[in-house]
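What follows is a set of notes on a single structure, which appears directly below.
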Amino acid sequence: MERLPDLLIVGVILYLIYYFTLRQWDYDTQAKRDALKAQLKQQGLSNAYHFTGAVKLFLLVFLSGGGYMFYWAYKQWAAVQKGYKNSSGTPLKFGPVLRAIGWPVSFYQLIQIANRTCIYLHKKPTFPAWFWYALWGLSAGAAWYYPAWWQKLLALAVFAAAPARLQLRLNALPNVPVPNRPKPIEILAAAMGLAALSAGVFALQKFL
């Protein structure tokens, strides 16, 4: 037991050596790296994205009840489609407006393109799309089954975490700090999104 502190110190030193040397080593061959890059290019990448504060995005999506997603999705797809490229030269179908309206579907492809770009540039990608859809489904089911207000807020926080997490990875691509102070147009978009969402829920309740 007397030598335990010494062993711990040695262990920490060895781990630090591993972390800053062997852990950073790329074990793939150049041929495998070239093949992966060719595959990513064939599937499609984008060299343009909409950069905004991840914390700001989380708050705007959360406070708008998810209504801000329409504006954010429009801004992302407007940028992505300008910088989208693949080996075959085939452009993306549908414009940013339609993709923003159908963001619950187009969000899947947005994550795929963003993750491929991150991998191509040797940046850490976000979680895969299926993970967020599964998490959304579980949180929505829990919010529906458990009617407590705090559980609904928790489900909304999980919902807002998906675009915020993706935005965090996108902001790391140029490695330039992005301010989290919201712009007037963004506050207006969040307010309009909340109003539209509230009107839709009210109309649905009347219909049902």
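Just remember, in the structure tokens the first chain shown is A, the second B, etc., residues are 1-based per chain, and ligands are 1-based in the order shown.
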Per-residue nearest contacts segment 80-158 of chain A to segment 49-61 of chain A, cut-off 10 Å, using only C-alpha atoms, as JSON lines:
```
{"residue": "A:Val80", "atom": "CA", "partner": "A:Tyr49", "partner_atom": "CA", "distance": 5.3}
{"residue": "A:Gln81", "atom": "CA", "partner": "A:Tyr49", "partner_atom": "CA", "distance": 8.9}
{"residue": "A:Lys82", "atom": "CA", "partner": "A:Tyr49", "partner_atom": "CA", "distance": 8.9}
{"residue": "A:Gly83", "atom": "CA", "partner": "A:Tyr49", "partner_atom": "CA", "distance": 7.9}
{"residue": "A:Tyr84", "atom": "CA", "partner": "A:Tyr49", "partner_atom": "CA", "distance": 9.7}
{"residue": "A:Ala114", "atom": "CA", "partner": "A:Tyr49", "partner_atom": "CA", "distance": 8.7}
{"residue": "A:Leu156", "atom": "CA", "partner": "A:Val61", "partner_atom": "CA", "distance": 8.7}
{"residue": "A:Ala157", "atom": "CA", "partner": "A:Phe58", "partner_atom": "CA", "distance": 8.0}
{"residue": "A:Val158", "atom": "CA", "partner": "A:Phe58", "partner_atom": "CA", "distance": 9.7}
```
Please produce an output containing all heavy atoms for each residue in the selection, written as a short mmCIF file (atom, residue, chain, number, x, y, z; two decimals), in the first residue's frame.
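Produced file out31.cif, reproduced below:
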```cif
data_model
loop_
_atom_site.label_atom_id
_atom_site.label_comp_id
_atom_site.auth_asym_id
_atom_site.auth_seq_id
_atom_site.Cartn_x
_atom_site.Cartn_y
_atom_site.Cartn_z
N VAL A 80 -25.54 24.58 -47.60
CA VAL A 80 -25.05 23.26 -48.01
C VAL A 80 -25.21 23.05 -49.51
O VAL A 80 -24.30 22.54 -50.18
CB VAL A 80 -25.79 22.15 -47.24
CG1 VAL A 80 -25.54 20.78 -47.87
CG2 VAL A 80 -25.35 22.13 -45.78
N GLN A 81 -26.33 23.47 -50.06
CA GLN A 81 -26.55 23.26 -51.49
C GLN A 81 -25.60 24.08 -52.36
O GLN A 81 -25.30 23.69 -53.49
CB GLN A 81 -28.01 23.56 -51.84
CG GLN A 81 -28.98 22.51 -51.31
CD GLN A 81 -30.37 22.63 -51.91
OE1 GLN A 81 -30.92 23.70 -51.97
NE2 GLN A 81 -30.93 21.51 -52.33
N LYS A 82 -25.13 25.20 -51.85
CA LYS A 82 -24.15 25.99 -52.60
C LYS A 82 -22.78 25.30 -52.65
O LYS A 82 -22.05 25.43 -53.62
CB LYS A 82 -24.01 27.37 -51.98
CG LYS A 82 -25.21 28.28 -52.19
CD LYS A 82 -24.99 29.63 -51.56
CE LYS A 82 -26.19 30.55 -51.78
NZ LYS A 82 -26.00 31.88 -51.13
N GLY A 83 -22.46 24.59 -51.57
CA GLY A 83 -21.14 23.96 -51.50
C GLY A 83 -21.14 22.46 -51.72
O GLY A 83 -20.11 21.81 -51.55
N TYR A 84 -22.30 21.89 -52.09
CA TYR A 84 -22.41 20.43 -52.22
C TYR A 84 -21.72 19.94 -53.47
O TYR A 84 -21.87 20.50 -54.56
CB TYR A 84 -23.87 20.00 -52.24
CG TYR A 84 -24.05 18.51 -52.35
CD1 TYR A 84 -23.91 17.70 -51.22
CD2 TYR A 84 -24.36 17.91 -53.56
CE1 TYR A 84 -24.08 16.32 -51.31
CE2 TYR A 84 -24.53 16.53 -53.66
CZ TYR A 84 -24.38 15.75 -52.53
OH TYR A 84 -24.54 14.40 -52.62
N ALA A 114 -22.98 16.28 -43.24
CA ALA A 114 -22.09 16.94 -42.29
C ALA A 114 -21.08 15.97 -41.70
O ALA A 114 -19.89 16.29 -41.56
CB ALA A 114 -22.92 17.59 -41.18
N LEU A 156 -38.32 18.19 -24.63
CA LEU A 156 -38.02 19.31 -25.53
C LEU A 156 -36.53 19.62 -25.52
O LEU A 156 -35.95 19.96 -26.56
CB LEU A 156 -38.82 20.54 -25.12
CG LEU A 156 -38.68 21.78 -26.00
CD1 LEU A 156 -39.06 21.45 -27.44
CD2 LEU A 156 -39.54 22.92 -25.46
N ALA A 157 -35.89 19.49 -24.35
CA ALA A 157 -34.44 19.72 -24.26
C ALA A 157 -33.68 18.68 -25.07
O ALA A 157 -32.69 19.00 -25.74
CB ALA A 157 -34.01 19.70 -22.80
N VAL A 158 -34.12 17.44 -25.01
CA VAL A 158 -33.50 16.38 -25.80
C VAL A 158 -33.67 16.67 -27.29
O VAL A 158 -32.74 16.49 -28.09
CB VAL A 158 -34.11 15.01 -25.44
CG1 VAL A 158 -33.62 13.92 -26.41
CG2 VAL A 158 -33.75 14.63 -24.01
#
```
Applying 10 Å and only C-alpha atoms, which residues near Phe70 of chain A remain after dropping the ones on its own chain fewer than 6 positions away? List them as an mmCIF file with all heavy atoms, in the first residue's frame.
```cif
data_model
loop_
_atom_site.group_PDB
_atom_site.id
_atom_site.type_symbol
_atom_site.label_atom_id
_atom_site.label_comp_id
_atom_site.auth_asym_id
_atom_site.auth_seq_id
_atom_site.Cartn_x
_atom_site.Cartn_y
_atom_site.Cartn_z
ATOM 1 N N VAL A 61 -34.325 26.986 -30.221
ATOM 2 C CA VAL A 61 -35.169 25.817 -30.526
ATOM 3 C C VAL A 61 -36.016 25.448 -29.309
ATOM 4 O O VAL A 61 -37.217 25.176 -29.428
ATOM 5 C CB VAL A 61 -34.302 24.624 -30.965
ATOM 6 C CG1 VAL A 61 -35.159 23.362 -31.111
ATOM 7 C CG2 VAL A 61 -33.608 24.922 -32.284
ATOM 8 N N VAL A 97 -36.128 25.722 -49.327
ATOM 9 C CA VAL A 97 -37.451 25.989 -48.754
ATOM 10 C C VAL A 97 -38.196 24.684 -48.501
ATOM 11 O O VAL A 97 -38.736 24.454 -47.409
ATOM 12 C CB VAL A 97 -38.270 26.910 -49.689
ATOM 13 C CG1 VAL A 97 -39.696 27.063 -49.164
ATOM 14 C CG2 VAL A 97 -37.603 28.274 -49.804
ATOM 15 N N ARG A 99 -36.913 21.719 -48.286
ATOM 16 C CA ARG A 99 -36.165 20.940 -47.298
ATOM 17 C C ARG A 99 -36.390 21.469 -45.884
ATOM 18 O O ARG A 99 -36.383 20.708 -44.918
ATOM 19 C CB ARG A 99 -34.677 20.932 -47.644
ATOM 20 C CG ARG A 99 -34.347 20.062 -48.842
ATOM 21 C CD ARG A 99 -32.875 20.091 -49.183
ATOM 22 N NE ARG A 99 -32.566 19.137 -50.230
ATOM 23 C CZ ARG A 99 -32.271 17.849 -50.029
ATOM 24 N NH1 ARG A 99 -32.208 17.378 -48.799
ATOM 25 N NH2 ARG A 99 -32.001 17.049 -51.035
ATOM 26 N N ALA A 100 -36.577 22.780 -45.764
ATOM 27 C CA ALA A 100 -36.867 23.357 -44.449
ATOM 28 C C ALA A 100 -38.267 22.980 -43.979
ATOM 29 O O ALA A 100 -38.466 22.660 -42.799
ATOM 30 C CB ALA A 100 -36.728 24.877 -44.503
ATOM 31 N N ILE A 101 -39.225 23.002 -44.904
ATOM 32 C CA ILE A 101 -40.594 22.603 -44.543
ATOM 33 C C ILE A 101 -40.619 21.141 -44.104
ATOM 34 O O ILE A 101 -41.300 20.777 -43.145
ATOM 35 C CB ILE A 101 -41.544 22.836 -45.734
ATOM 36 C CG1 ILE A 101 -41.657 24.335 -46.028
ATOM 37 C CG2 ILE A 101 -42.920 22.236 -45.451
ATOM 38 C CD1 ILE A 101 -42.442 24.662 -47.276
ATOM 39 N N GLY A 102 -39.846 20.320 -44.807
ATOM 40 C CA GLY A 102 -39.782 18.892 -44.461
ATOM 41 C C GLY A 102 -38.559 18.541 -43.648
ATOM 42 O O GLY A 102 -37.993 17.457 -43.828
ATOM 43 N N TRP A 103 -38.154 19.432 -42.750
ATOM 44 C CA TRP A 103 -36.910 19.199 -42.005
ATOM 45 C C TRP A 103 -36.929 17.910 -41.186
ATOM 46 O O TRP A 103 -35.844 17.329 -40.976
ATOM 47 C CB TRP A 103 -36.590 20.392 -41.102
ATOM 48 C CG TRP A 103 -37.479 20.559 -39.908
ATOM 49 C CD1 TRP A 103 -38.512 21.424 -39.758
ATOM 50 C CD2 TRP A 103 -37.412 19.827 -38.679
ATOM 51 N NE1 TRP A 103 -39.104 21.283 -38.533
ATOM 52 C CE2 TRP A 103 -38.443 20.305 -37.844
ATOM 53 C CE3 TRP A 103 -36.587 18.817 -38.199
ATOM 54 C CZ2 TRP A 103 -38.681 19.810 -36.567
ATOM 55 C CZ3 TRP A 103 -36.819 18.309 -36.918
ATOM 56 C CH2 TRP A 103 -37.845 18.811 -36.125
ATOM 57 N N PRO A 104 -38.085 17.414 -40.661
ATOM 58 C CA PRO A 104 -38.014 16.137 -39.936
ATOM 59 C C PRO A 104 -37.461 14.994 -40.784
ATOM 60 O O PRO A 104 -36.915 14.029 -40.256
ATOM 61 C CB PRO A 104 -39.476 15.877 -39.540
ATOM 62 C CG PRO A 104 -40.091 17.229 -39.466
ATOM 63 C CD PRO A 104 -39.451 17.991 -40.588
ATOM 64 N N ALA A 189 -37.604 34.948 -36.048
ATOM 65 C CA ALA A 189 -37.876 33.614 -36.603
ATOM 66 C C ALA A 189 -38.338 32.657 -35.509
ATOM 67 O O ALA A 189 -39.240 31.840 -35.733
ATOM 68 C CB ALA A 189 -36.620 33.075 -37.285
ATOM 69 N N ALA A 190 -37.738 32.746 -34.320
ATOM 70 C CA ALA A 190 -38.144 31.892 -33.205
ATOM 71 C C ALA A 190 -39.569 32.223 -32.770
ATOM 72 O O ALA A 190 -40.380 31.326 -32.497
ATOM 73 C CB ALA A 190 -37.173 32.057 -32.046
ATOM 74 N N GLY A 193 -41.936 30.989 -35.407
ATOM 75 C CA GLY A 193 -42.014 29.534 -35.342
ATOM 76 C C GLY A 193 -42.884 29.066 -34.194
ATOM 77 O O GLY A 193 -43.685 28.127 -34.339
#
```
According to DSSP computed on the backbone, where in chain A is there helix (DSSP H, G or I)? Give the residues as a PDB file with C-alpha atoms, in the first residue's frame.
```pdb
ATOM      1  CA  LEU A   4       0.367   2.801  -4.303  1.00  0.00           C
ATOM      2  CA  PRO A   5       0.906   6.589  -4.854  1.00  0.00           C
ATOM      3  CA  ASP A   6       4.064   5.837  -6.859  1.00  0.00           C
ATOM      4  CA  LEU A   7       2.216   3.302  -8.994  1.00  0.00           C
ATOM      5  CA  LEU A   8      -0.578   5.791  -9.612  1.00  0.00           C
ATOM      6  CA  ILE A   9       1.915   8.445 -10.711  1.00  0.00           C
ATOM      7  CA  VAL A  10       3.601   5.979 -13.075  1.00  0.00           C
ATOM      8  CA  GLY A  11       0.211   4.982 -14.458  1.00  0.00           C
ATOM      9  CA  VAL A  12      -0.741   8.620 -15.093  1.00  0.00           C
ATOM     10  CA  ILE A  13       2.588   9.266 -16.846  1.00  0.00           C
ATOM     11  CA  LEU A  14       2.176   6.199 -19.066  1.00  0.00           C
ATOM     12  CA  TYR A  15      -1.367   7.216 -19.975  1.00  0.00           C
ATOM     13  CA  LEU A  16      -0.236  10.736 -20.876  1.00  0.00           C
ATOM     14  CA  ILE A  17       2.466   9.283 -23.104  1.00  0.00           C
ATOM     15  CA  TYR A  18      -0.124   7.068 -24.778  1.00  0.00           C
ATOM     16  CA  TYR A  19      -2.630   9.929 -25.140  1.00  0.00           C
ATOM     17  CA  PHE A  20      -0.235  12.346 -26.821  1.00  0.00           C
ATOM     18  CA  LEU A  22       0.197   6.359 -29.744  1.00  0.00           C
ATOM     19  CA  ARG A  23      -3.433   7.479 -29.434  1.00  0.00           C
ATOM     20  CA  GLN A  24      -2.870  10.054 -32.167  1.00  0.00           C
ATOM     21  CA  GLN A  30      -2.440   5.402 -47.153  1.00  0.00           C
ATOM     22  CA  ALA A  31      -4.381   3.207 -49.555  1.00  0.00           C
ATOM     23  CA  LYS A  32      -7.228   2.811 -47.048  1.00  0.00           C
ATOM     24  CA  ARG A  33      -7.297   6.541 -46.362  1.00  0.00           C
ATOM     25  CA  ASP A  34      -7.432   7.296 -50.091  1.00  0.00           C
ATOM     26  CA  ALA A  35     -10.225   4.755 -50.569  1.00  0.00           C
ATOM     27  CA  LEU A  36     -12.226   6.304 -47.730  1.00  0.00           C
ATOM     28  CA  LYS A  37     -11.812   9.787 -49.188  1.00  0.00           C
ATOM     29  CA  ALA A  38     -12.954   8.556 -52.601  1.00  0.00           C
ATOM     30  CA  GLN A  39     -16.007   6.929 -51.012  1.00  0.00           C
ATOM     31  CA  LEU A  40     -16.898  10.086 -49.100  1.00  0.00           C
ATOM     32  CA  LYS A  41     -16.587  12.168 -52.279  1.00  0.00           C
ATOM     33  CA  GLN A  42     -18.813   9.746 -54.142  1.00  0.00           C
ATOM     34  CA  GLN A  43     -21.495   9.915 -51.424  1.00  0.00           C
ATOM     35  CA  ALA A  54     -24.614  26.141 -30.648  1.00  0.00           C
ATOM     36  CA  VAL A  55     -25.838  27.394 -27.258  1.00  0.00           C
ATOM     37  CA  LYS A  56     -27.921  30.078 -28.960  1.00  0.00           C
ATOM     38  CA  LEU A  57     -29.402  27.472 -31.306  1.00  0.00           C
ATOM     39  CA  PHE A  58     -30.326  25.208 -28.399  1.00  0.00           C
ATOM     40  CA  LEU A  59     -32.080  28.052 -26.556  1.00  0.00           C
ATOM     41  CA  LEU A  60     -33.956  29.306 -29.616  1.00  0.00           C
ATOM     42  CA  VAL A  61     -35.169  25.817 -30.526  1.00  0.00           C
ATOM     43  CA  PHE A  62     -36.117  25.106 -26.904  1.00  0.00           C
ATOM     44  CA  LEU A  63     -37.900  28.423 -26.269  1.00  0.00           C
ATOM     45  CA  MET A  69     -36.040  24.478 -36.641  1.00  0.00           C
ATOM     46  CA  PHE A  70     -37.699  25.661 -39.868  1.00  0.00           C
ATOM     47  CA  TYR A  71     -35.515  28.774 -40.043  1.00  0.00           C
ATOM     48  CA  TRP A  72     -32.331  26.965 -39.014  1.00  0.00           C
ATOM     49  CA  ALA A  73     -32.933  24.156 -41.505  1.00  0.00           C
ATOM     50  CA  TYR A  74     -33.503  26.701 -44.274  1.00  0.00           C
ATOM     51  CA  LYS A  75     -30.232  28.502 -43.484  1.00  0.00           C
ATOM     52  CA  GLN A  76     -28.293  25.225 -43.357  1.00  0.00           C
ATOM     53  CA  TRP A  77     -29.670  23.824 -46.603  1.00  0.00           C
ATOM     54  CA  ALA A  78     -29.217  27.154 -48.408  1.00  0.00           C
ATOM     55  CA  ALA A  79     -25.523  27.009 -47.509  1.00  0.00           C
ATOM     56  CA  VAL A  80     -25.049  23.257 -48.008  1.00  0.00           C
ATOM     57  CA  GLN A  81     -26.553  23.257 -51.490  1.00  0.00           C
ATOM     58  CA  LYS A  82     -24.149  25.990 -52.602  1.00  0.00           C
ATOM     59  CA  GLY A  83     -21.140  23.957 -51.505  1.00  0.00           C
ATOM     60  CA  PRO A  96     -33.829  24.841 -49.225  1.00  0.00           C
ATOM     61  CA  VAL A  97     -37.451  25.989 -48.754  1.00  0.00           C
ATOM     62  CA  LEU A  98     -38.918  22.526 -49.353  1.00  0.00           C
ATOM     63  CA  ARG A  99     -36.165  20.940 -47.298  1.00  0.00           C
ATOM     64  CA  ALA A 100     -36.867  23.357 -44.449  1.00  0.00           C
ATOM     65  CA  ILE A 101     -40.594  22.603 -44.543  1.00  0.00           C
ATOM     66  CA  TRP A 103     -36.910  19.199 -42.005  1.00  0.00           C
ATOM     67  CA  PRO A 104     -38.014  16.137 -39.936  1.00  0.00           C
ATOM     68  CA  VAL A 105     -37.052  14.105 -43.030  1.00  0.00           C
ATOM     69  CA  SER A 106     -34.231  16.220 -44.497  1.00  0.00           C
ATOM     70  CA  PHE A 107     -32.457  16.424 -41.126  1.00  0.00           C
ATOM     71  CA  TYR A 108     -31.337  12.827 -41.680  1.00  0.00           C
ATOM     72  CA  GLN A 109     -29.492  13.682 -44.895  1.00  0.00           C
ATOM     73  CA  LEU A 110     -28.094  16.870 -43.386  1.00  0.00           C
ATOM     74  CA  ILE A 111     -26.407  14.887 -40.609  1.00  0.00           C
ATOM     75  CA  GLN A 112     -25.040  12.385 -43.131  1.00  0.00           C
ATOM     76  CA  ILE A 113     -23.495  15.102 -45.316  1.00  0.00           C
ATOM     77  CA  ALA A 114     -22.093  16.941 -42.286  1.00  0.00           C
ATOM     78  CA  ASN A 115     -20.602  13.793 -40.766  1.00  0.00           C
ATOM     79  CA  ARG A 116     -18.976  12.805 -44.051  1.00  0.00           C
ATOM     80  CA  THR A 117     -17.463  16.276 -44.313  1.00  0.00           C
ATOM     81  CA  CYS A 118     -16.152  16.055 -40.745  1.00  0.00           C
ATOM     82  CA  ILE A 119     -14.552  12.670 -41.402  1.00  0.00           C
ATOM     83  CA  TYR A 120     -13.049  13.898 -44.678  1.00  0.00           C
ATOM     84  CA  ALA A 129     -28.815  10.300 -37.598  1.00  0.00           C
ATOM     85  CA  TRP A 130     -30.509   7.114 -36.424  1.00  0.00           C
ATOM     86  CA  PHE A 131     -29.326   7.826 -32.870  1.00  0.00           C
ATOM     87  CA  TRP A 132     -31.076  11.209 -32.777  1.00  0.00           C
ATOM     88  CA  TYR A 133     -34.261   9.870 -34.356  1.00  0.00           C
ATOM     89  CA  ALA A 134     -34.369   7.039 -31.820  1.00  0.00           C
ATOM     90  CA  LEU A 135     -33.741   9.476 -28.981  1.00  0.00           C
ATOM     91  CA  TRP A 136     -36.453  11.804 -30.301  1.00  0.00           C
ATOM     92  CA  GLY A 137     -38.894   8.918 -30.454  1.00  0.00           C
ATOM     93  CA  LEU A 138     -38.138   7.780 -26.929  1.00  0.00           C
ATOM     94  CA  SER A 139     -38.354  11.304 -25.485  1.00  0.00           C
ATOM     95  CA  ALA A 140     -41.592  12.055 -27.361  1.00  0.00           C
ATOM     96  CA  GLY A 141     -43.088   8.776 -26.173  1.00  0.00           C
ATOM     97  CA  ALA A 142     -42.070   9.527 -22.593  1.00  0.00           C
ATOM     98  CA  ALA A 143     -43.529  13.053 -22.805  1.00  0.00           C
ATOM     99  CA  TRP A 144     -46.799  11.609 -24.129  1.00  0.00           C
ATOM    100  CA  TYR A 145     -47.000   8.840 -21.534  1.00  0.00           C
ATOM    101  CA  TRP A 149     -44.633  19.440 -17.163  1.00  0.00           C
ATOM    102  CA  TRP A 150     -40.995  18.835 -16.269  1.00  0.00           C
ATOM    103  CA  GLN A 151     -40.960  15.644 -18.310  1.00  0.00           C
ATOM    104  CA  LYS A 152     -42.267  17.519 -21.333  1.00  0.00           C
ATOM    105  CA  LEU A 153     -39.564  20.155 -20.873  1.00  0.00           C
ATOM    106  CA  LEU A 154     -36.960  17.408 -20.613  1.00  0.00           C
ATOM    107  CA  ALA A 155     -38.215  15.877 -23.872  1.00  0.00           C
ATOM    108  CA  LEU A 156     -38.017  19.306 -25.526  1.00  0.00           C
ATOM    109  CA  ALA A 157     -34.445  19.723 -24.259  1.00  0.00           C
ATOM    110  CA  VAL A 158     -33.496  16.375 -25.803  1.00  0.00           C
ATOM    111  CA  PHE A 159     -35.125  17.494 -29.037  1.00  0.00           C
ATOM    112  CA  ALA A 160     -33.157  20.769 -29.077  1.00  0.00           C
ATOM    113  CA  ALA A 161     -29.898  18.988 -28.299  1.00  0.00           C
ATOM    114  CA  ALA A 162     -29.750  17.303 -31.727  1.00  0.00           C
ATOM    115  CA  PRO A 163     -29.341  20.418 -33.912  1.00  0.00           C
ATOM    116  CA  ALA A 164     -27.169  22.066 -31.241  1.00  0.00           C
ATOM    117  CA  ARG A 165     -24.809  19.089 -31.180  1.00  0.00           C
ATOM    118  CA  LEU A 166     -24.606  19.063 -34.983  1.00  0.00           C
ATOM    119  CA  GLN A 167     -23.974  22.807 -35.021  1.00  0.00           C
ATOM    120  CA  LEU A 168     -21.178  22.375 -32.513  1.00  0.00           C
ATOM    121  CA  ARG A 169     -19.388  19.984 -34.881  1.00  0.00           C
ATOM    122  CA  LEU A 170     -19.970  22.244 -37.865  1.00  0.00           C
ATOM    123  CA  ASN A 171     -18.521  25.221 -36.014  1.00  0.00           C
ATOM    124  CA  PRO A 184     -33.033  40.284 -34.351  1.00  0.00           C
ATOM    125  CA  ILE A 185     -33.967  38.170 -37.383  1.00  0.00           C
ATOM    126  CA  GLU A 186     -33.282  35.003 -35.386  1.00  0.00           C
ATOM    127  CA  ILE A 187     -35.453  36.167 -32.474  1.00  0.00           C
ATOM    128  CA  LEU A 188     -38.200  37.025 -34.950  1.00  0.00           C
ATOM    129  CA  ALA A 189     -37.876  33.614 -36.603  1.00  0.00           C
ATOM    130  CA  ALA A 190     -38.144  31.892 -33.205  1.00  0.00           C
ATOM    131  CA  ALA A 191     -41.239  33.934 -32.308  1.00  0.00           C
ATOM    132  CA  MET A 192     -42.887  33.214 -35.659  1.00  0.00           C
ATOM    133  CA  GLY A 193     -42.014  29.534 -35.342  1.00  0.00           C
ATOM    134  CA  LEU A 194     -43.582  29.374 -31.893  1.00  0.00           C
ATOM    135  CA  ALA A 195     -46.709  31.181 -33.137  1.00  0.00           C
ATOM    136  CA  ALA A 196     -47.060  28.869 -36.139  1.00  0.00           C
ATOM    137  CA  LEU A 197     -46.527  25.792 -34.007  1.00  0.00           C
ATOM    138  CA  SER A 198     -49.061  26.971 -31.418  1.00  0.00           C
ATOM    139  CA  ALA A 199     -51.620  27.678 -34.148  1.00  0.00           C
ATOM    140  CA  GLY A 200     -51.066  24.228 -35.614  1.00  0.00           C
ATOM    141  CA  VAL A 201     -51.528  22.508 -32.256  1.00  0.00           C
ATOM    142  CA  PHE A 202     -54.667  24.555 -31.554  1.00  0.00           C
ATOM    143  CA  ALA A 203     -56.133  23.689 -34.981  1.00  0.00           C
ATOM    144  CA  LEU A 204     -55.311  20.015 -34.471  1.00  0.00           C
ATOM    145  CA  GLN A 205     -57.039  19.986 -31.094  1.00  0.00           C
ATOM    146  CA  LYS A 206     -60.131  21.584 -32.647  1.00  0.00           C
ATOM    147  CA  PHE A 207     -60.128  19.047 -35.450  1.00  0.00           C
TER     148      PHE A 207
END
```
| field | d(atom CA of Asn47 of chain A, atom CA of Lys85 of chain A) in Å | value |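 Between atom CA of Asn47 of chain A and atom CA of Lys85 of chain A the gap is 8.1 Å.
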| query | When you draw a straight line from atom CA of Phe127 of chain A to atom CA of Gly65 of chain A, how long is it in Å? | reply | 22.5 Å
| task | For atom CA of Thr126 of chain A and atom CA of Gly44 of chain A, quote the distance in Å rounded to one decimal. | result |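 Interatomic distance here is 17.0 Å.
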